[in-house]
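**Student:** My structure file run.txt, compact mmCIF, C-alpha atoms, is below:
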# COMPACT_ATOMS: atom_id res chain seq x y z
CA MET A 3 -10.95 117.85 -8.01
CA ALA A 4 -8.06 117.97 -5.57
CA ASP A 5 -8.93 114.45 -4.40
CA ALA A 6 -8.96 113.03 -7.94
CA TYR A 7 -6.34 110.97 -9.70
CA ARG A 8 -4.72 112.38 -12.84
CA ILE A 9 -4.14 110.04 -15.78
CA ILE A 10 -1.51 111.55 -18.05
CA GLY A 11 -1.77 109.65 -21.30
CA ALA A 12 -2.79 109.76 -24.93
CA GLU A 13 -5.84 108.70 -26.89
CA MET A 14 -3.54 106.79 -29.24
CA SER A 15 -1.82 104.84 -26.47
CA PRO A 16 -3.43 101.41 -25.88
CA TYR A 17 -2.12 101.30 -22.33
CA SER A 18 -3.44 104.78 -21.54
CA VAL A 19 -6.99 104.04 -22.73
CA LYS A 20 -6.83 100.67 -20.96
CA VAL A 21 -6.22 102.41 -17.62
CA ARG A 22 -8.83 105.09 -18.36
CA SER A 23 -11.45 102.44 -19.12
CA TYR A 24 -10.65 100.74 -15.81
CA PHE A 25 -10.99 104.01 -13.86
CA ARG A 26 -14.32 104.67 -15.56
CA TYR A 27 -15.61 101.20 -14.68
CA LYS A 28 -14.64 101.64 -11.06
CA ALA A 29 -16.06 105.18 -10.96
CA ILE A 30 -12.77 106.39 -9.50
CA PRO A 31 -12.64 110.21 -9.68
CA HIS A 32 -9.97 111.17 -12.20
CA GLN A 33 -8.86 113.74 -14.74
CA TRP A 34 -7.73 112.70 -18.21
CA VAL A 35 -4.65 114.79 -19.07
CA LEU A 36 -3.04 114.71 -22.51
CA ARG A 37 0.68 114.02 -22.59
CA ASN A 38 1.92 117.17 -24.30
CA ALA A 39 3.82 120.36 -23.58
CA ALA A 40 1.22 121.55 -21.07
CA SER A 41 1.67 118.46 -18.90
CA GLN A 42 5.43 118.08 -19.45
CA ALA A 43 6.55 119.56 -16.13
CA GLU A 44 4.22 117.38 -14.08
CA PHE A 45 5.16 114.32 -16.10
CA GLU A 46 8.89 114.85 -15.61
CA THR A 47 8.40 115.41 -11.88
CA ARG A 48 6.31 112.29 -11.24
CA ALA A 49 7.47 109.76 -13.87
CA ARG A 50 10.32 107.36 -13.16
CA VAL A 51 10.60 106.33 -16.81
CA PRO A 52 9.40 108.15 -19.98
CA ILE A 53 6.34 106.01 -20.68
CA ILE A 54 2.59 106.57 -20.52
CA PRO A 55 0.22 106.31 -18.87
CA LEU A 56 1.35 108.06 -15.72
CA VAL A 57 -1.22 108.04 -12.92
CA VAL A 58 -0.67 110.74 -10.31
CA THR A 59 -2.40 109.94 -7.03
CA PRO A 60 -4.16 112.61 -4.93
CA GLU A 61 -1.09 112.47 -2.66
CA GLY A 62 1.22 113.25 -5.58
CA THR A 63 2.72 109.80 -6.10
CA GLY A 64 3.37 108.70 -9.68
CA LEU A 65 2.27 105.22 -10.80
CA GLN A 66 3.37 103.70 -14.11
CA ASP A 67 2.91 100.52 -16.17
CA SER A 68 -0.72 99.70 -16.85
CA THR A 69 -0.87 96.24 -15.24
CA PRO A 70 0.75 97.25 -11.92
CA ILE A 71 -1.45 100.38 -11.91
CA ILE A 72 -4.59 98.27 -12.18
CA ASP A 73 -3.30 95.73 -9.65
CA ALA A 74 -2.59 98.52 -7.15
CA MET A 75 -5.93 100.24 -7.69
CA GLU A 76 -7.81 96.94 -7.40
CA LYS A 77 -6.54 96.62 -3.82
CA LEU A 78 -7.95 100.05 -3.01
CA HIS A 79 -11.18 99.61 -5.01
CA PRO A 80 -11.99 95.88 -4.99
CA GLU A 81 -15.64 96.27 -5.99
CA PRO A 82 -16.90 95.61 -8.54
CA SER A 83 -14.16 93.03 -8.98
CA ILE A 84 -12.49 92.53 -12.35
CA HIS A 85 -11.45 88.99 -11.40
CA PRO A 86 -13.82 86.07 -12.11
CA ASP A 87 -14.77 83.89 -9.14
CA ASP A 88 -14.05 80.69 -11.10
CA SER A 89 -10.37 79.83 -10.45
CA VAL A 90 -9.72 78.72 -14.03
CA ALA A 91 -11.41 81.74 -15.57
CA ASN A 92 -9.60 83.98 -13.08
CA PHE A 93 -6.12 82.98 -14.25
CA VAL A 94 -7.12 82.77 -17.91
CA SER A 95 -8.25 86.39 -17.59
CA ALA A 96 -4.76 87.36 -16.39
CA LEU A 97 -3.23 85.35 -19.24
CA ILE A 98 -5.46 87.06 -21.81
CA GLU A 99 -4.47 90.44 -20.37
CA GLU A 100 -0.80 89.56 -20.84
CA PHE A 101 -1.53 88.30 -24.34
CA GLY A 102 -3.30 91.55 -25.19
CA ASP A 103 -0.54 93.75 -23.80
CA GLU A 104 2.31 91.87 -25.47
CA TRP A 105 0.97 90.04 -28.56
CA GLY A 106 -1.97 92.29 -29.34
CA ASN A 107 0.46 95.19 -29.41
CA LYS A 108 2.15 93.52 -32.38
CA TRP A 109 -1.12 93.66 -34.34
CA MET A 110 -1.77 97.26 -33.35
CA PHE A 111 1.70 98.63 -34.01
CA HIS A 112 2.09 96.75 -37.29
CA TYR A 113 -1.25 97.83 -38.76
CA ARG A 114 -0.75 101.42 -37.58
CA TRP A 115 2.60 101.88 -39.30
CA ALA A 116 2.71 99.35 -42.18
CA ARG A 117 0.76 101.26 -44.85
CA ASP A 118 0.79 104.84 -46.10
CA VAL A 119 -2.85 105.54 -45.26
CA ASP A 120 -2.40 104.45 -41.63
CA GLN A 121 0.96 106.18 -41.27
CA ILE A 122 -0.49 109.49 -42.46
CA SER A 123 -3.54 109.20 -40.25
CA SER A 124 -1.61 108.24 -37.13
CA ALA A 125 1.26 110.68 -37.53
CA GLY A 126 -1.18 113.53 -38.12
CA ARG A 127 -3.19 112.74 -34.98
CA ILE A 128 -0.09 112.42 -32.83
CA ALA A 129 1.26 115.71 -34.16
CA ARG A 130 -2.05 117.47 -33.38
CA MET A 131 -2.04 116.11 -29.84
CA ARG A 132 1.55 117.10 -29.13
CA GLY A 133 1.35 120.48 -30.89
CA PRO A 134 -2.29 121.68 -30.88
CA LYS A 135 -1.32 125.31 -31.57
CA ALA A 136 0.98 124.61 -34.51
CA ASN A 137 0.22 126.26 -37.83
CA GLU A 138 -0.22 124.09 -40.92
CA ALA A 139 3.43 124.20 -41.98
CA GLU A 140 4.64 123.37 -38.47
CA HIS A 141 2.08 120.60 -38.16
CA ALA A 142 3.08 119.04 -41.50
CA ALA A 143 6.76 119.10 -40.54
CA PHE A 144 6.11 117.57 -37.12
CA ALA A 145 3.80 114.90 -38.58
CA GLY A 146 6.53 113.97 -41.05
CA GLN A 147 9.04 113.59 -38.23
CA VAL A 148 6.63 111.43 -36.23
CA ARG A 149 5.92 109.24 -39.23
CA ALA A 150 9.58 108.66 -40.02
CA ARG A 151 10.42 107.88 -36.39
CA MET A 152 7.57 105.45 -35.81
CA VAL A 153 7.86 103.60 -39.10
CA ASP A 154 11.51 103.03 -38.26
CA ARG A 155 10.48 101.38 -34.97
CA VAL A 156 8.20 98.58 -36.24
CA TRP A 157 11.07 96.15 -35.74
CA PHE A 158 10.56 96.55 -31.99
CA VAL A 159 7.33 94.50 -32.06
CA GLY A 160 8.75 92.06 -34.60
CA SER A 161 7.11 93.50 -37.70
CA ASN A 162 9.19 92.97 -40.84
CA GLU A 163 8.78 91.64 -44.39
CA VAL A 164 8.81 88.04 -43.18
CA THR A 165 6.49 88.39 -40.19
CA ALA A 166 4.00 90.89 -41.65
CA PRO A 167 1.83 88.20 -43.32
CA GLN A 168 1.90 86.18 -40.07
CA ILE A 169 0.77 89.18 -38.02
CA GLU A 170 -2.10 90.00 -40.35
CA ALA A 171 -3.28 86.41 -40.79
CA GLY A 172 -3.15 85.94 -37.02
CA PHE A 173 -5.22 89.03 -36.38
CA LEU A 174 -7.88 88.06 -38.92
CA ASP A 175 -8.12 84.64 -37.30
CA MET A 176 -8.41 86.25 -33.86
CA LEU A 177 -11.08 88.63 -35.09
CA GLY A 178 -13.26 85.74 -36.19
CA LEU A 179 -12.71 83.79 -32.98
CA LEU A 180 -13.38 86.82 -30.82
CA ASP A 181 -16.52 87.76 -32.71
CA SER A 182 -17.91 84.26 -32.15
CA HIS A 183 -17.07 84.37 -28.44
CA LEU A 184 -18.71 87.77 -27.93
CA ALA A 185 -21.88 86.82 -29.82
CA ASP A 186 -23.61 85.67 -26.63
CA ARG A 187 -22.01 87.83 -23.92
CA PRO A 188 -21.10 91.52 -23.50
CA TYR A 189 -17.60 90.89 -22.14
CA LEU A 190 -14.93 88.21 -22.42
CA PHE A 191 -15.83 86.44 -19.20
CA GLY A 192 -19.55 87.11 -19.03
CA GLY A 193 -21.66 90.00 -17.84
CA ARG A 194 -18.94 92.32 -16.59
CA PRO A 195 -15.44 93.38 -17.68
CA SER A 196 -12.41 91.45 -16.48
CA LEU A 197 -8.70 92.16 -16.36
CA GLY A 198 -8.47 90.31 -19.66
CA ASP A 199 -10.98 92.66 -21.28
CA PHE A 200 -9.00 95.75 -20.36
CA GLY A 201 -5.71 94.37 -21.70
CA LEU A 202 -7.03 93.03 -25.00
CA TRP A 203 -9.46 95.88 -25.60
CA GLY A 204 -6.81 98.61 -25.37
CA GLN A 205 -5.04 97.24 -28.44
CA ILE A 206 -8.18 96.50 -30.47
CA TYR A 207 -9.72 99.87 -29.64
CA GLU A 208 -6.62 101.57 -31.08
CA MET A 209 -6.85 99.41 -34.19
CA TRP A 210 -10.47 100.41 -34.63
CA THR A 211 -9.40 104.08 -34.77
CA ASP A 212 -7.00 103.40 -37.67
CA PRO A 213 -8.12 103.16 -41.33
CA THR A 214 -7.05 99.65 -42.34
CA ALA A 215 -7.67 97.71 -39.13
CA GLY A 216 -10.75 99.80 -38.37
CA ALA A 217 -12.31 98.73 -41.66
CA LEU A 218 -11.63 95.09 -40.84
CA ILE A 219 -13.27 95.39 -37.43
CA GLY A 220 -16.18 97.51 -38.56
CA GLY A 221 -16.81 95.54 -41.71
CA GLY A 222 -16.74 91.96 -40.50
CA ALA A 223 -16.89 91.66 -36.72
CA PRO A 224 -20.09 93.27 -35.39
CA HIS A 225 -19.86 91.73 -31.93
CA VAL A 226 -16.25 92.88 -31.55
CA LEU A 227 -17.31 96.35 -32.66
CA ASP A 228 -20.06 96.43 -30.04
CA TRP A 229 -17.53 95.35 -27.40
CA VAL A 230 -15.09 98.06 -28.54
CA HIS A 231 -17.80 100.68 -27.98
CA ARG A 232 -19.04 99.07 -24.74
CA MET A 233 -15.57 99.09 -23.17
CA LEU A 234 -15.26 102.85 -23.53
CA TRP A 235 -17.67 103.14 -20.57
CA PRO A 236 -17.90 99.58 -19.22
CA LYS A 237 -20.42 98.56 -16.59
CA ALA A 238 -21.48 95.44 -14.71
CA GLU A 239 -24.49 94.03 -16.57
CA ASP A 240 -24.50 90.55 -15.05
CA ASP A 241 -22.23 88.07 -13.26
CA PHE A 242 -19.06 86.42 -14.50
CA GLU A 243 -19.57 83.04 -16.15
CA ALA A 244 -17.98 79.76 -15.04
CA TRP A 245 -15.20 78.30 -17.17
CA THR A 246 -17.46 75.48 -18.37
CA ALA A 247 -19.78 78.05 -19.97
CA LEU A 248 -16.92 80.05 -21.49
CA ALA A 249 -14.82 77.17 -22.77
CA PRO A 250 -16.63 76.34 -26.05
CA THR A 251 -15.69 79.67 -27.63
CA LEU A 252 -12.84 80.90 -25.37
CA MET A 253 -10.78 77.72 -25.52
CA PRO A 254 -10.20 78.11 -29.29
CA ILE A 255 -8.75 81.57 -28.62
CA LEU A 256 -6.59 80.18 -25.85
CA ALA A 257 -5.32 77.30 -27.98
CA LYS A 258 -5.01 78.86 -31.45
CA GLN A 259 -3.80 82.32 -30.45
CA VAL A 260 -2.23 82.18 -26.99
CA GLY A 261 -0.90 78.61 -26.96
CA LYS A 262 0.07 78.27 -30.60
CA LEU A 263 1.51 81.74 -31.23
CA PHE A 264 2.05 83.86 -28.15
CA TRP A 265 3.32 81.31 -25.64
CA PRO A 266 6.11 79.78 -27.77
CA TRP A 267 7.21 83.31 -28.66
CA THR A 268 7.16 84.27 -24.96
CA LEU A 269 9.47 81.44 -23.92
CA ALA A 270 11.78 81.92 -26.92
CA ASN A 271 12.03 85.63 -26.14
CA GLU A 272 12.97 84.83 -22.53
CA THR A 273 15.65 82.35 -23.66
CA ALA A 274 17.11 84.85 -26.12
CA LEU A 275 17.35 87.50 -23.41
CA GLY A 276 19.00 85.06 -21.02
CA GLN A 277 21.57 84.11 -23.65
CA GLY A 278 22.20 87.69 -24.71
CA GLN A 279 21.12 87.08 -28.30
CA GLU A 280 20.71 90.02 -30.65
CA GLU A 281 18.01 88.18 -32.59
CA PHE A 282 16.05 84.97 -32.22
CA SER A 283 13.85 82.73 -34.33
CA VAL A 284 11.00 80.49 -33.22
CA THR A 285 8.54 78.32 -35.11
CA LEU A 286 4.96 79.48 -34.53
CA GLY A 287 2.58 76.99 -36.06
CA ASP A 288 4.18 76.22 -39.43
CA LYS A 289 5.95 79.58 -39.83
CA VAL A 290 9.30 80.84 -38.58
CA TRP A 291 9.17 84.09 -36.64
CA THR A 292 12.35 86.17 -36.32
CA GLN A 293 12.89 89.35 -34.32
CA LYS A 294 15.07 91.11 -31.75
CA PRO A 295 14.24 90.24 -28.11
CA GLN A 296 11.83 92.46 -26.16
CA LYS A 297 13.35 93.17 -22.76
CA TYR A 298 10.23 94.36 -20.95
CA HIS A 299 8.34 91.16 -21.65
CA ALA A 300 10.60 89.21 -19.30
CA ARG A 301 9.31 91.39 -16.45
CA SER A 302 5.65 91.01 -17.35
CA LEU A 303 6.16 87.23 -17.68
CA GLY A 304 7.52 87.24 -14.14
CA MET A 305 4.37 89.00 -12.91
CA LEU A 306 2.18 86.42 -14.68
CA ARG A 307 4.15 83.58 -13.10
CA ALA A 308 3.59 85.12 -9.69
CA LYS A 309 -0.16 85.15 -10.33
CA TYR A 310 -0.02 81.51 -11.38
CA ALA A 311 1.95 80.58 -8.25
CA ALA A 312 -0.74 82.25 -6.12
CA VAL A 313 -3.46 79.89 -7.41
CA ALA A 314 -4.20 77.57 -4.49
CA ASN A 315 -5.60 74.57 -6.35
CA LYS A 316 -4.10 74.25 -9.81
CA SER A 317 -5.47 70.84 -10.83
CA ASP A 318 -8.31 72.03 -13.10
CA LEU A 319 -6.34 75.04 -14.31
CA ASP A 320 -3.34 72.94 -15.30
CA LEU A 321 -5.53 70.65 -17.39
CA VAL A 322 -6.88 73.64 -19.33
CA LEU A 323 -3.47 75.28 -19.75
CA ALA A 324 -1.86 72.01 -20.85
CA ALA A 325 -4.59 71.41 -23.42
CA ALA A 326 -4.11 74.92 -24.77
CA GLY A 327 -0.32 74.69 -24.85
CA CYS A 328 0.22 77.37 -22.22
CA LEU A 329 1.46 75.41 -19.19
CA ALA A 330 5.14 74.91 -20.00
CA GLY A 331 7.27 77.60 -18.43
CA LEU A 332 4.72 78.88 -15.94
CA ARG A 333 6.43 77.09 -13.06
CA ALA A 334 9.85 78.57 -13.81
Is it possible to express this structure as structure tokens?

**Tutor:**
Amino acid sequence: MADAYRIIGAEMSPYSVKVRSYFRYKAIPHQWVLRNAASQAEFETRARVPIIPLVVTPEGTGLQDSTPIIDAMEKLHPEPSIHPDDSVANFVSALIEEFGDEWGNKWMFHYRWARDVDQISSAGRIARMRGPKANEAEHAAFAGQVRARMVDRVWFVGSNEVTAPQIEAGFLDMLGLLDSHLADRPYLFGGRPSLGDFGLWGQIYEMWTDPTAGALIGGGAPHVLDWVHRMLWPKAEDDFEAWTALAPTLMPILAKQVGKLFWPWTLANETALGQGQEEFSVTLGDKVWTQKPQKYHARSLGMLRAKYAAVANKSDLDLVLAAAGCLAGLRA
């Protein structure tokens, strides 16, 4: 497969499986390559920064960062499109993708490393991936190192004693909203996957593979579970729906999750970075959220703003975004 792309990633990386799902949907020839010792030399040669996934093109160019990877590939493989025809749904899809990448990652990382059962499961799987030939003693030692390192990093997504109940309550609310929305359609925006599906699914798929969050998904959200399975090998089953058809069950997600929680956090994070703060607090709903700023999110917010600026007629879109609490700051 000399003409195939190579996706160097990990099964436990939400951004890696997000890109893999996209390549599968587009039927783009590719090889799935685990990020371990065997792929280390290629990774170091092609990667600009030490993050996965890394997509190596047939020409040998390295592409990184899941959203720019998908944006670049969409220009080369525009059909079947992942962007709804409806202008409102089109931008909301991009907003949901950003929400999944940045806020959904808080759910995933918190649940994965907050409890012993999930820590043991996750550290063991990571250790097996990175050291498949290790004996039992070596594996146990490596798993212990992974566990200690990752548990110590939960602060990065804002998980702490104060925010933990907020993260878990928010996810349970989202699970119910999402299950209702997916009850009558196979994908978020109708009969085929959108950019928003890929971004949100990557996080929820990872949660489904973990003990605690997986039990929540499998035990109480059958339509979400079906979607999790469907997105492993997504296909176009029908057309995208218009915003008017999606709004009854998608608008609550946009308002209660994106507008009430994610968007105020987004703008507060940007302000904290601009002011050089070591820590910031923001009121989300009726709770105070406190964490250290996330530097990368300022870049992804800039990409979302560029997509908003590219919308030719914003009149209908602005009404929806204003009603959901997501309009302020998009024009910056």

**Student:** What gap, in Å, lies between atom CA of A:Asp67 and atom CA of A:Ile53?

**Tutor:**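 Interatomic distance, atom CA of A:Asp67 to atom CA of A:Ile53: 7.9 Å.
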
**Student:** So which residues fall inside 9 Å of (5.7, 81.7, -16.0) if we count all atoms listed in the file? Mind giving them as a PyMOL selection string?

**Tutor:** chain A and resi 269+303-311+329-334

**Student:** Output C-alpha atoms of each residue in that selection to a file, as a PDB file, in the frame of the given file.

**Tutor:**
ATOM      1  CA  LEU A 269       9.470  81.440 -23.920  1.00  0.00           C
ATOM      2  CA  LEU A 303       6.160  87.230 -17.680  1.00  0.00           C
ATOM      3  CA  GLY A 304       7.520  87.240 -14.140  1.00  0.00           C
ATOM      4  CA  MET A 305       4.370  89.000 -12.910  1.00  0.00           C
ATOM      5  CA  LEU A 306       2.180  86.420 -14.680  1.00  0.00           C
ATOM      6  CA  ARG A 307       4.150  83.580 -13.100  1.00  0.00           C
ATOM      7  CA  ALA A 308       3.590  85.120  -9.690  1.00  0.00           C
ATOM      8  CA  LYS A 309      -0.160  85.150 -10.330  1.00  0.00           C
ATOM      9  CA  TYR A 310      -0.020  81.510 -11.380  1.00  0.00           C
ATOM     10  CA  ALA A 311       1.950  80.580  -8.250  1.00  0.00           C
ATOM     11  CA  LEU A 329       1.460  75.410 -19.190  1.00  0.00           C
ATOM     12  CA  ALA A 330       5.140  74.910 -20.000  1.00  0.00           C
ATOM     13  CA  GLY A 331       7.270  77.600 -18.430  1.00  0.00           C
ATOM     14  CA  LEU A 332       4.720  78.880 -15.940  1.00  0.00           C
ATOM     15  CA  ARG A 333       6.430  77.090 -13.060  1.00  0.00           C
ATOM     16  CA  ALA A 334       9.850  78.570 -13.810  1.00  0.00           C
TER      17      ALA A 334
END

**Student:** Within 12 Å of A:Leu179, counting all atoms listed in the file, which residues qualify if same-chain residues fewer than 2 places away don't, as a PyMOL selection string?

**Tutor:** chain A and resi 172-177+181-185+190+222-223+225-226+250-259

**Student:** With C-alpha atoms retained, could you export that selection as a PDB file, in the frame of the given file?

**Tutor:**
ATOM      1  CA  GLY A 172      -3.150  85.940 -37.020  1.00  0.00           C
ATOM      2  CA  PHE A 173      -5.220  89.030 -36.380  1.00  0.00           C
ATOM      3  CA  LEU A 174      -7.880  88.060 -38.920  1.00  0.00           C
ATOM      4  CA  ASP A 175      -8.120  84.640 -37.300  1.00  0.00           C
ATOM      5  CA  MET A 176      -8.410  86.250 -33.860  1.00  0.00           C
ATOM      6  CA  LEU A 177     -11.080  88.630 -35.090  1.00  0.00           C
ATOM      7  CA  ASP A 181     -16.520  87.760 -32.710  1.00  0.00           C
ATOM      8  CA  SER A 182     -17.910  84.260 -32.150  1.00  0.00           C
ATOM      9  CA  HIS A 183     -17.070  84.370 -28.440  1.00  0.00           C
ATOM     10  CA  LEU A 184     -18.710  87.770 -27.930  1.00  0.00           C
ATOM     11  CA  ALA A 185     -21.880  86.820 -29.820  1.00  0.00           C
ATOM     12  CA  LEU A 190     -14.930  88.210 -22.420  1.00  0.00           C
ATOM     13  CA  GLY A 222     -16.740  91.960 -40.500  1.00  0.00           C
ATOM     14  CA  ALA A 223     -16.890  91.660 -36.720  1.00  0.00           C
ATOM     15  CA  HIS A 225     -19.860  91.730 -31.930  1.00  0.00           C
ATOM     16  CA  VAL A 226     -16.250  92.880 -31.550  1.00  0.00           C
ATOM     17  CA  PRO A 250     -16.630  76.340 -26.050  1.00  0.00           C
ATOM     18  CA  THR A 251     -15.690  79.670 -27.630  1.00  0.00           C
ATOM     19  CA  LEU A 252     -12.840  80.900 -25.370  1.00  0.00           C
ATOM     20  CA  MET A 253     -10.780  77.720 -25.520  1.00  0.00           C
ATOM     21  CA  PRO A 254     -10.200  78.110 -29.290  1.00  0.00           C
ATOM     22  CA  ILE A 255      -8.750  81.570 -28.620  1.00  0.00           C
ATOM     23  CA  LEU A 256      -6.590  80.180 -25.850  1.00  0.00           C
ATOM     24  CA  ALA A 257      -5.320  77.300 -27.980  1.00  0.00           C
ATOM     25  CA  LYS A 258      -5.010  78.860 -31.450  1.00  0.00           C
ATOM     26  CA  GLN A 259      -3.800  82.320 -30.450  1.00  0.00           C
TER      27      GLN A 259
END

**Student:** Residues within 9 Å of stretch 91-105 of chain A, please, as a PyMOL selection string. Count all atoms listed in the file; anything in the same chain fewer than 2 positions from it doesn't count.

**Tutor:** chain A and resi 16-17+69+85-89+107-109+159+190-191+196-206+243-245+248+256+259-260+263-265+299+302-303+306+309-310+313+319+323

**Student:** Using all atoms listed in the file, which of A:Arg149, A:Arg155, A:Arg130, A:Arg22 sits nearest A:Ile71?

**Tutor:** A:Arg22

**Student:** Rounded to one decimal place, report the atom CA of A:Glu272-atom CA of A:Ala300 distance in Å.

**Tutor:**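 These atoms are spaced 5.9 Å apart.
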
**Student:** Measure the distance from atom CA of A:Ala314 to atom CA of A:Gly327 in Å and round it to one decimal.

**Tutor:**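 One can read the atom CA of A:Ala314 to atom CA of A:Gly327 distance as 20.9 Å.
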
**Student:** Which of these, A:Tyr207, A:Thr214, A:Asp241, A:Asp120, has the shortest distance to A:Asp228 once you count all atoms listed in the file?

**Tutor:**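 Smallest separation from A:Asp228 among the options: A:Tyr207.
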
**Student:** From the list A:Val156, A:Gly221, A:Asp212, A:Leu36, which residue is nearest A:Gly133 when using all atoms listed in the file?

**Tutor:** A:Leu36

**Student:** Restricting the calculation to only C-alpha atoms, which member of A:Cys328, A:Met209, A:Val290, A:Ile84 is positioned closest to A:Val230?

**Tutor:** A:Met209

**Student:** Find the residue from A:Val57, A:Arg132, A:Trp229, A:Ser161 that sits nearest to A:Arg37; use all atoms listed in the file when measuring.

**Tutor:**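 Smallest separation from A:Arg37 among the options: A:Arg132.
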
**Student:** Nearest to A:Ala6 among A:Lys297, A:His32, A:Lys262, A:Lys20, with distances taken over only C-alpha atoms: which residue is it?

**Tutor:**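 Selected residue with least distance to A:Ala6: A:His32.
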
**Student:** Place a sphere of radius 9 Å on (-12.4, 110.5, -7.7) in the file coordinates and name every protein, DNA or RNA residue with an atom inside or on its surface, counting all atoms listed in the file; give the answer as a ChimeraX atom specification.

**Tutor:** /A:3-7,29-33,60

**Student:** N, CA and C atoms for stretch 152-169 of chain A, written as a PDB file, in the coordinates of the input, could you do that?

**Tutor:**
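The result, written out as result_34.pdb:
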ATOM      1  N   MET A 152       8.360 106.614 -36.194  1.00  0.00           N
ATOM      2  CA  MET A 152       7.570 105.450 -35.810  1.00  0.00           C
ATOM      3  C   MET A 152       7.671 104.318 -36.822  1.00  0.00           C
ATOM      4  N   VAL A 153       7.707 104.637 -38.092  1.00  0.00           N
ATOM      5  CA  VAL A 153       7.860 103.600 -39.100  1.00  0.00           C
ATOM      6  C   VAL A 153       9.186 102.877 -38.914  1.00  0.00           C
ATOM      7  N   ASP A 154      10.194 103.614 -38.479  1.00  0.00           N
ATOM      8  CA  ASP A 154      11.510 103.030 -38.260  1.00  0.00           C
ATOM      9  C   ASP A 154      11.556 102.130 -37.022  1.00  0.00           C
ATOM     10  N   ARG A 155      10.486 102.145 -36.214  1.00  0.00           N
ATOM     11  CA  ARG A 155      10.480 101.380 -34.970  1.00  0.00           C
ATOM     12  C   ARG A 155       9.628 100.120 -35.025  1.00  0.00           C
ATOM     13  N   VAL A 156       9.075  99.763 -36.186  1.00  0.00           N
ATOM     14  CA  VAL A 156       8.200  98.580 -36.240  1.00  0.00           C
ATOM     15  C   VAL A 156       8.963  97.301 -35.906  1.00  0.00           C
ATOM     16  N   TRP A 157      10.269  97.322 -36.077  1.00  0.00           N
ATOM     17  CA  TRP A 157      11.070  96.150 -35.740  1.00  0.00           C
ATOM     18  C   TRP A 157      10.929  95.777 -34.265  1.00  0.00           C
ATOM     19  N   PHE A 158      10.618  96.778 -33.436  1.00  0.00           N
ATOM     20  CA  PHE A 158      10.560  96.550 -31.990  1.00  0.00           C
ATOM     21  C   PHE A 158       9.499  95.503 -31.636  1.00  0.00           C
ATOM     22  N   VAL A 159       8.370  95.484 -32.348  1.00  0.00           N
ATOM     23  CA  VAL A 159       7.330  94.500 -32.060  1.00  0.00           C
ATOM     24  C   VAL A 159       7.469  93.258 -32.949  1.00  0.00           C
ATOM     25  N   GLY A 160       8.524  93.222 -33.750  1.00  0.00           N
ATOM     26  CA  GLY A 160       8.750  92.060 -34.600  1.00  0.00           C
ATOM     27  C   GLY A 160       8.154  92.149 -35.976  1.00  0.00           C
ATOM     28  N   SER A 161       7.696  93.332 -36.383  1.00  0.00           N
ATOM     29  CA  SER A 161       7.110  93.500 -37.700  1.00  0.00           C
ATOM     30  C   SER A 161       8.215  93.703 -38.740  1.00  0.00           C
ATOM     31  N   ASN A 162       8.233  92.847 -39.745  1.00  0.00           N
ATOM     32  CA  ASN A 162       9.190  92.970 -40.840  1.00  0.00           C
ATOM     33  C   ASN A 162       8.593  92.269 -42.067  1.00  0.00           C
ATOM     34  N   GLU A 163       9.331  92.213 -43.158  1.00  0.00           N
ATOM     35  CA  GLU A 163       8.780  91.640 -44.390  1.00  0.00           C
ATOM     36  C   GLU A 163       8.382  90.183 -44.221  1.00  0.00           C
ATOM     37  N   VAL A 164       9.103  89.459 -43.376  1.00  0.00           N
ATOM     38  CA  VAL A 164       8.810  88.040 -43.180  1.00  0.00           C
ATOM     39  C   VAL A 164       7.606  87.841 -42.270  1.00  0.00           C
ATOM     40  N   THR A 165       7.549  88.609 -41.188  1.00  0.00           N
ATOM     41  CA  THR A 165       6.490  88.390 -40.190  1.00  0.00           C
ATOM     42  C   THR A 165       5.184  89.116 -40.493  1.00  0.00           C
ATOM     43  N   ALA A 166       5.215  90.112 -41.363  1.00  0.00           N
ATOM     44  CA  ALA A 166       4.000  90.890 -41.650  1.00  0.00           C
ATOM     45  C   ALA A 166       2.817  90.008 -42.048  1.00  0.00           C
ATOM     46  N   PRO A 167       2.979  89.050 -42.972  1.00  0.00           N
ATOM     47  CA  PRO A 167       1.830  88.200 -43.320  1.00  0.00           C
ATOM     48  C   PRO A 167       1.353  87.366 -42.130  1.00  0.00           C
ATOM     49  N   GLN A 168       2.272  86.957 -41.247  1.00  0.00           N
ATOM     50  CA  GLN A 168       1.900  86.180 -40.070  1.00  0.00           C
ATOM     51  C   GLN A 168       1.072  87.038 -39.099  1.00  0.00           C
ATOM     52  N   ILE A 169       1.489  88.282 -38.913  1.00  0.00           N
ATOM     53  CA  ILE A 169       0.770  89.180 -38.020  1.00  0.00           C
ATOM     54  C   ILE A 169      -0.651  89.411 -38.521  1.00  0.00           C
TER      55      ILE A 169
END
